[in-house]
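Student: Before I ask anything, here is the structure I am working with.
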Amino acid sequence: MSTQTSYVLDELRNEAEYPAYASGKSGLLKIQDAPKESEAIYAFPCFQYAKSLDKNPTQVAEELAQEWNKMRQSKEWPQEWFPTSVLDHFEASRGYVNVFVDQKTLLARILKDLLDYGEKYGSYPKLNKTMVVDYCSPNIAKPLSVGHLRSTIIGQALINILRVRGYRVVGINFMGDWGTQFGKLIYAFEQWGDEKKLESNPIQHLLELYVRFHKEAKENPALEDDARAAFKRLQQGGEKERALWQRFRESSLEAFEKTVARLGVKFDHNWFESDFEGKADELVDELLVKGIAEESEGAIIIRFEPLWPAESPEPPPAQPPLVIRKSDGTTLYPTRDLASAVERIERWQPVHKLLYVVASEQTLYFTQLWNTLEKMGYPDILRHINFGMVSLPTGKISTREGRIVYLDDLLDQAKERAAQIIKEKNPDMDEGSRSKVARQVGIGAVIYADLSQDRIKDIVFDWSKMLAFEGNSAPYLQYAAVRCAKILEKAKSEDREGLDTLNEQDIPALAEELKEPESVKLLMHLGRYPQAIAEAAERYAPHVLASYLYDLATALSRFYTEVPVLKAETDAARLARLTLVDATGLVLRRGLELLGIETPEEM
RNA sequence: GCCCCUGUAGCUCAGCAGGAUAGAGCAACGGUUUCCUAAACCGUAGGUCGUGGGUUCGAGUCCCGCCAGGGGUACCA
């Protein structure tokens, strides 16, 4: 147990857990959040503990509450660990020991945290641990589809969240620029390519060639051999192939960077699969020497142990092996990916976690990758941050068959739709602002639609859901943030000055002013922001943060309708409410920023 | 065949490590604008948590079977 933590609720939790720890009962008495309607903050269910004593839980809870309260008054309680304690007392209720705080003190402490941390509220101290995150990672020469959207925005949100949680994070975009598909493209371009089209709209043209190749190859399977031969020439450094491949690569990369920039995404590193071909080759030899890999049917493979030990009469299912060198002597994507994983581990050592934000379809592959690294003697650091598939109402996304929604089109539509709504809701907004706000709102809606739900779920692509502008959606959160900003903007200059010059002595008086249930709930919720960040980071779950922010926006909306700020009855009340609005706006803005969503200045 | 994931209100989803009365949004119905932006707020209605067992003081949550949907399953990436 740490003796002191920075945020009031972290500290309160530790303090509340103290008596359970001190008496060695923490295994049976676990802390949890108290129910929402309750005045209590935390609770200890005592049923399990009562069972172990063979006693009545209600009675046990009462005894514990009494005992802990007494302990708290005594010298046994390490008050020096909790110098600014907000814990008031323990209270038994139907088999639970509830943790009560002194609300005024707690509110004041939350205000103090907010003022102390300012813009940094919610962030944690440096942990000196490095996370290497693989995300986006598309194939060059294919346009980004909504399928890539998930990896990109989940990855970027995780990176942002992990950073404020205190991790050092390295984001890598690992691009597929190697493999037989480039043989296909080279062959197709030589057959049907058009110089002018490659010049004017490279991605589109390459896609046409790719689709055409597969169509023709259906009729004439010999084309597959031609493609393989072309790739072989590329590998051997054929000048013509090399030059063409470079052109594909450069033009694609350019178009592609433009698209992700629209999502506000910037990569720390752009790595290319092709750069690992040599290392991959060496790695295969090394794995052979170490006996980790073996030859089978002309290929080099790694075998894995069955999933569980064979004890039952039926043999356990074997895990499929991983092929790392084809029988023709060339490496595969997994080999190059493995080589790049080794490179990541060595370059940023010690790496705390190696994250891969990749669709669930790759689960087996990442299990194999994990097992291989383990065989190589690396610690258990690889985590597959998997997410469900995006499919279209008409079926699975397929570039080859043209069943695809392009990311650029999606973002264009989102913006257009947002612009229309702005025209209705806020007809006075000038053209320039409208365009900017439409971009922020439209793209925000798209990002939020994804991040507001658990990664693991499959998504059937649906325009109306993607572009939801009401209820639990990005615009709702943005709107709440805008309201905060507008109130502050309209506040008189002396009020704003009062805000800026607040100091610690003013805090108790401020807390005293916040009496309305809506104000209290809002401030209490602000107090939970650091825990939302911590949980989102721990579970690699941006939706935890998204749903926290939604609740915060709801608390703000209720506050807004019930409690006047600028027209508060007294100067003191106005100042207190302005402080609250200021802090809420800040948390909403910063929280949205972590998700990759911008906050407009007006809506 | 085998392995993995998912199944909660009409629809889309929350529900942390099993704990107090299962929560939101959308859609439906009704209400709120002399007052800081109604992209808002308030209310009504809507759930045998796929299904059958089991473990437990307690199961939406854990275990087993079944059903349904999705994904994967050696030289594609």
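Labels for the structure tokens follow display order: chains A, B, ..., residues from 1 in each chain, ligands from 1.
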Residues of chain B within 12 Å of chain A, counting only C-alpha atoms (C1' of nucleotides), what are they? List them as a ChimeraX atom specification.
Tutor: /B:1-7,11-21,23-26,32-33,35-42,56-58,69-77
Student: As a PyMOL selection string, which residues of range 379-500 of chain A does DSSP assign to helix (DSSP H, G or I)?
Tutor: chain A and resi 407-425+431-451+463-466+474-490+493-500
Student: Compare A:Ala555, A:Val8, A:Thr130, A:Glu598 by their minimum atom-to-atom distance to Thr105 in chain A, counting only C-alpha atoms, and give me the closest one.
Tutor: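 Looking at the shortest contact to Thr105 in chain A, the residue is A:Val8.
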Student: For a quick check of understanding, using only C-alpha atoms, which of A:Gln349, A:Glu513, A:Leu338, A:Tyr548 has the smallest distance to Trp370 in chain A?
Tutor: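 Under the stated criterion, the closest residue is A:Leu338.
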Student: At what distance in Å, to one decimal, does CA of Arg163 in chain A lie from CA of Lys126 in chain A?
Tutor: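 One can read the CA of Lys126 in chain A to CA of Arg163 in chain A distance as 8.8 Å.
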Student: Could you state the separation of CA of Gln420 in chain A and CA of Ala438 in chain A in Å, given to one decimal place?
Tutor: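 If I compute the distance from CA of Gln420 in chain A to CA of Ala438 in chain A, I get 8.4 Å.
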Student: Can you pull out the residues contacting G43 in chain B? Cut-off 12 Å, using only C-alpha atoms (C1' of nucleotides), and skip same-chain residues under 3 positions away; I want them as a short mmCIF file (atom, residue, chain, number, x, y, z; two decimals) with N, CA and C atoms (P, O5', C5', C4', C3', O3' and C1' of nucleotides), in the first residue's frame.
Tutor:
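Heads up, here's the output in selection-v4.cif:
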data_model
loop_
_atom_site.label_atom_id
_atom_site.label_comp_id
_atom_site.auth_asym_id
_atom_site.auth_seq_id
_atom_site.Cartn_x
_atom_site.Cartn_y
_atom_site.Cartn_z
P C B 29 -44.71 9.44 -30.94
"O5'" C B 29 -45.32 9.54 -29.47
"C5'" C B 29 -46.50 8.80 -29.13
"C4'" C B 29 -46.75 8.89 -27.65
"C3'" C B 29 -46.71 10.30 -27.07
"O3'" C B 29 -47.91 11.02 -27.32
"C1'" C B 29 -45.47 8.87 -25.67
P G B 30 -47.81 12.61 -27.58
"O5'" G B 30 -47.49 13.19 -26.14
"C5'" G B 30 -48.54 13.26 -25.17
"C4'" G B 30 -47.99 13.67 -23.83
"C3'" G B 30 -47.31 15.03 -23.75
"O3'" G B 30 -48.22 16.12 -23.79
"C1'" G B 30 -46.07 13.47 -22.52
P G B 31 -47.69 17.52 -24.36
"O5'" G B 31 -46.68 18.04 -23.23
"C5'" G B 31 -47.20 18.55 -22.00
"C4'" G B 31 -46.10 18.75 -21.01
"C3'" G B 31 -45.15 19.92 -21.26
"O3'" G B 31 -45.72 21.18 -20.95
"C1'" G B 31 -43.91 18.04 -20.58
P U B 32 -45.23 22.45 -21.78
"O5'" U B 32 -43.78 22.72 -21.19
"C5'" U B 32 -43.61 23.12 -19.84
"C4'" U B 32 -42.15 23.33 -19.53
"C3'" U B 32 -41.44 24.40 -20.38
"O3'" U B 32 -41.69 25.69 -19.86
"C1'" U B 32 -40.08 22.46 -20.21
#
Student: Could you give me, as a PyMOL selection string, the residues within 12 Å of Thr394 in chain A, counting only C-alpha atoms (C1' of nucleotides) and dropping anything in the same chain fewer than 5 positions from it?
Tutor: chain A and resi 401-405+460-462
Student: What would the file look like if the residues just selected were written as a CSV table (one decimal), in the first residue's frame with all heavy atoms?
Tutor:
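After the write, out_16.csv holds the following:
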chain,number,residue,atom,x,y,z
A,401,GLU,N,-13.2,-7.0,-53.7
A,401,GLU,CA,-14.5,-7.0,-54.3
A,401,GLU,C,-15.2,-5.7,-54.3
A,401,GLU,O,-16.4,-5.6,-54.6
A,401,GLU,CB,-15.4,-8.1,-53.7
A,401,GLU,CG,-14.9,-9.5,-54.1
A,401,GLU,CD,-15.4,-10.6,-53.2
A,401,GLU,OE1,-16.6,-10.6,-52.8
A,401,GLU,OE2,-14.6,-11.5,-52.8
A,402,GLY,N,-14.5,-4.7,-53.9
A,402,GLY,CA,-15.0,-3.3,-53.9
A,402,GLY,C,-16.1,-3.1,-52.9
A,402,GLY,O,-16.8,-2.1,-52.9
A,403,ARG,N,-16.2,-4.0,-51.9
A,403,ARG,CA,-17.1,-3.7,-50.8
A,403,ARG,C,-16.4,-3.0,-49.7
A,403,ARG,O,-15.7,-3.6,-48.8
A,403,ARG,CB,-17.6,-5.1,-50.2
A,403,ARG,CG,-19.1,-5.2,-50.3
A,403,ARG,CD,-19.7,-6.3,-49.6
A,403,ARG,NE,-18.8,-7.3,-49.1
A,403,ARG,CZ,-18.6,-8.5,-49.8
A,403,ARG,NH1,-19.2,-8.7,-51.0
A,403,ARG,NH2,-17.8,-9.4,-49.3
A,404,ILE,N,-16.4,-1.7,-49.7
A,404,ILE,CA,-15.6,-0.9,-48.9
A,404,ILE,C,-16.1,0.5,-48.7
A,404,ILE,O,-16.8,1.0,-49.6
A,404,ILE,CB,-14.1,-0.9,-49.5
A,404,ILE,CG1,-13.1,-0.3,-48.5
A,404,ILE,CG2,-14.1,-0.2,-50.8
A,404,ILE,CD1,-11.7,-0.6,-48.9
A,405,VAL,N,-15.9,1.1,-47.5
A,405,VAL,CA,-16.2,2.5,-47.3
A,405,VAL,C,-14.9,3.2,-47.1
A,405,VAL,O,-14.2,2.8,-46.1
A,405,VAL,CB,-17.2,2.8,-46.2
A,405,VAL,CG1,-17.3,4.3,-45.9
A,405,VAL,CG2,-18.5,2.1,-46.4
A,460,VAL,N,-21.2,-3.2,-37.2
A,460,VAL,CA,-21.8,-3.2,-38.5
A,460,VAL,C,-21.9,-1.7,-38.9
A,460,VAL,O,-22.6,-1.0,-38.2
A,460,VAL,CB,-23.2,-3.9,-38.6
A,460,VAL,CG1,-23.8,-3.8,-40.0
A,460,VAL,CG2,-23.1,-5.3,-38.2
A,461,PHE,N,-21.2,-1.4,-39.9
A,461,PHE,CA,-21.1,0.0,-40.3
A,461,PHE,C,-22.5,0.6,-40.5
A,461,PHE,O,-23.3,0.1,-41.3
A,461,PHE,CB,-20.2,0.2,-41.5
A,461,PHE,CG,-20.1,1.7,-41.8
A,461,PHE,CD1,-19.1,2.4,-41.1
A,461,PHE,CD2,-20.8,2.2,-42.8
A,461,PHE,CE1,-19.0,3.8,-41.4
A,461,PHE,CE2,-20.7,3.6,-43.1
A,461,PHE,CZ,-19.8,4.3,-42.4
A,462,ASP,N,-22.8,1.7,-39.9
A,462,ASP,CA,-24.1,2.3,-40.0
A,462,ASP,C,-23.9,3.9,-39.9
A,462,ASP,O,-23.5,4.4,-38.9
A,462,ASP,CB,-24.9,1.8,-38.8
A,462,ASP,CG,-26.3,2.5,-38.8
A,462,ASP,OD1,-26.6,3.3,-39.7
A,462,ASP,OD2,-27.0,2.2,-37.8
Student: Taking the DSSP assignment computed from this structure's backbone, write out as a list in words all residues of range 309-415 of chain A that belong to strand (DSSP E).
Tutor: Leu322, Val323, Ile324, Arg325, Val351, His352, Lys353, Leu354, Leu355, Tyr356, Val357, Val358, Ala359, Leu382, Arg383, His384, Ile385, Asn386, Phe387, Val390, Ser391, Leu392, Gly395 and Lys396 of chain A
Student: Keeping only C-alpha atoms, take the residues you just selected and write them out as a tab-separated table (two decimals), in the first residue's frame.
Tutor:
chain	number	residue	atom	x	y	z
A	322	LEU	CA	3.86	-20.68	-37.43
A	323	VAL	CA	5.61	-20.74	-40.78
A	324	ILE	CA	8.57	-18.37	-40.77
A	325	ARG	CA	10.25	-19.33	-44.01
A	351	VAL	CA	10.19	-2.27	-22.66
A	352	HIS	CA	7.38	-2.58	-20.16
A	353	LYS	CA	4.72	-3.60	-22.66
A	354	LEU	CA	4.65	-4.19	-26.37
A	355	LEU	CA	1.15	-3.39	-27.55
A	356	TYR	CA	-0.40	-4.28	-30.89
A	357	VAL	CA	-3.66	-2.57	-31.71
A	358	VAL	CA	-4.85	-5.04	-34.31
A	359	ALA	CA	-8.21	-6.64	-35.13
A	382	LEU	CA	3.40	-8.59	-25.56
A	383	ARG	CA	-0.27	-7.66	-25.46
A	384	HIS	CA	-2.67	-7.91	-28.33
A	385	ILE	CA	-5.10	-5.00	-28.04
A	386	ASN	CA	-7.74	-6.64	-30.16
A	387	PHE	CA	-10.90	-5.12	-31.50
A	390	VAL	CA	-16.15	-3.60	-38.99
A	391	SER	CA	-18.46	-5.03	-41.57
A	392	LEU	CA	-20.92	-3.44	-43.94
A	395	GLY	CA	-21.17	-8.20	-45.79
A	396	LYS	CA	-17.51	-8.34	-44.88
Student: Just how far from CA of Thr58 in chain A is CA of Asp88 in chain A, in Å to one decimal?
Tutor: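 CA of Thr58 in chain A lies 21.1 Å from CA of Asp88 in chain A.
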Student: Which residue, A:Arg439, A:Arg589, A:His148, A:Arg344, has the smallest gap to Arg262 in chain A when you use only C-alpha atoms?
Tutor: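 Among the listed residues, the smallest separation from Arg262 in chain A belongs to A:Arg439.
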Student: Just the residues within 9 Å of Leu287 in chain A, please, counting only C-alpha atoms (C1' of nucleotides), with nothing from its chain fewer than 6 positions along; format it as a ChimeraX atom specification.
Tutor: /A:293-294,302,376
Student: Go ahead and save the residues from that selection, with all heavy atoms, as a compact mmCIF listing (two decimals), in the first residue's frame.
Tutor:
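Listing of result-v5.txt after writing:
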# COMPACT_ATOMS: atom_id res chain seq x y z
N ALA A 293 13.09 -23.27 -34.00
CA ALA A 293 12.41 -23.53 -35.27
C ALA A 293 12.91 -24.85 -35.84
O ALA A 293 13.97 -25.34 -35.47
CB ALA A 293 12.68 -22.39 -36.24
N GLU A 294 12.12 -25.40 -36.74
CA GLU A 294 12.52 -26.67 -37.36
C GLU A 294 12.01 -26.72 -38.79
O GLU A 294 11.11 -25.96 -39.18
CB GLU A 294 11.96 -27.84 -36.56
CG GLU A 294 10.45 -27.85 -36.50
CD GLU A 294 9.91 -28.90 -35.53
OE1 GLU A 294 9.75 -28.58 -34.33
OE2 GLU A 294 9.68 -30.02 -35.99
N ILE A 302 7.73 -22.96 -36.56
CA ILE A 302 7.85 -23.06 -35.11
C ILE A 302 6.63 -23.81 -34.61
O ILE A 302 5.49 -23.46 -34.95
CB ILE A 302 7.91 -21.67 -34.45
CG1 ILE A 302 9.14 -20.90 -34.97
CG2 ILE A 302 7.98 -21.78 -32.93
CD1 ILE A 302 9.18 -19.45 -34.52
N MET A 376 12.05 -17.51 -27.03
CA MET A 376 13.32 -16.82 -27.24
C MET A 376 13.87 -16.25 -25.94
O MET A 376 14.95 -15.68 -25.92
CB MET A 376 13.14 -15.70 -28.28
CG MET A 376 12.87 -16.23 -29.68
SD MET A 376 12.40 -14.91 -30.83
CE MET A 376 13.98 -14.07 -31.03
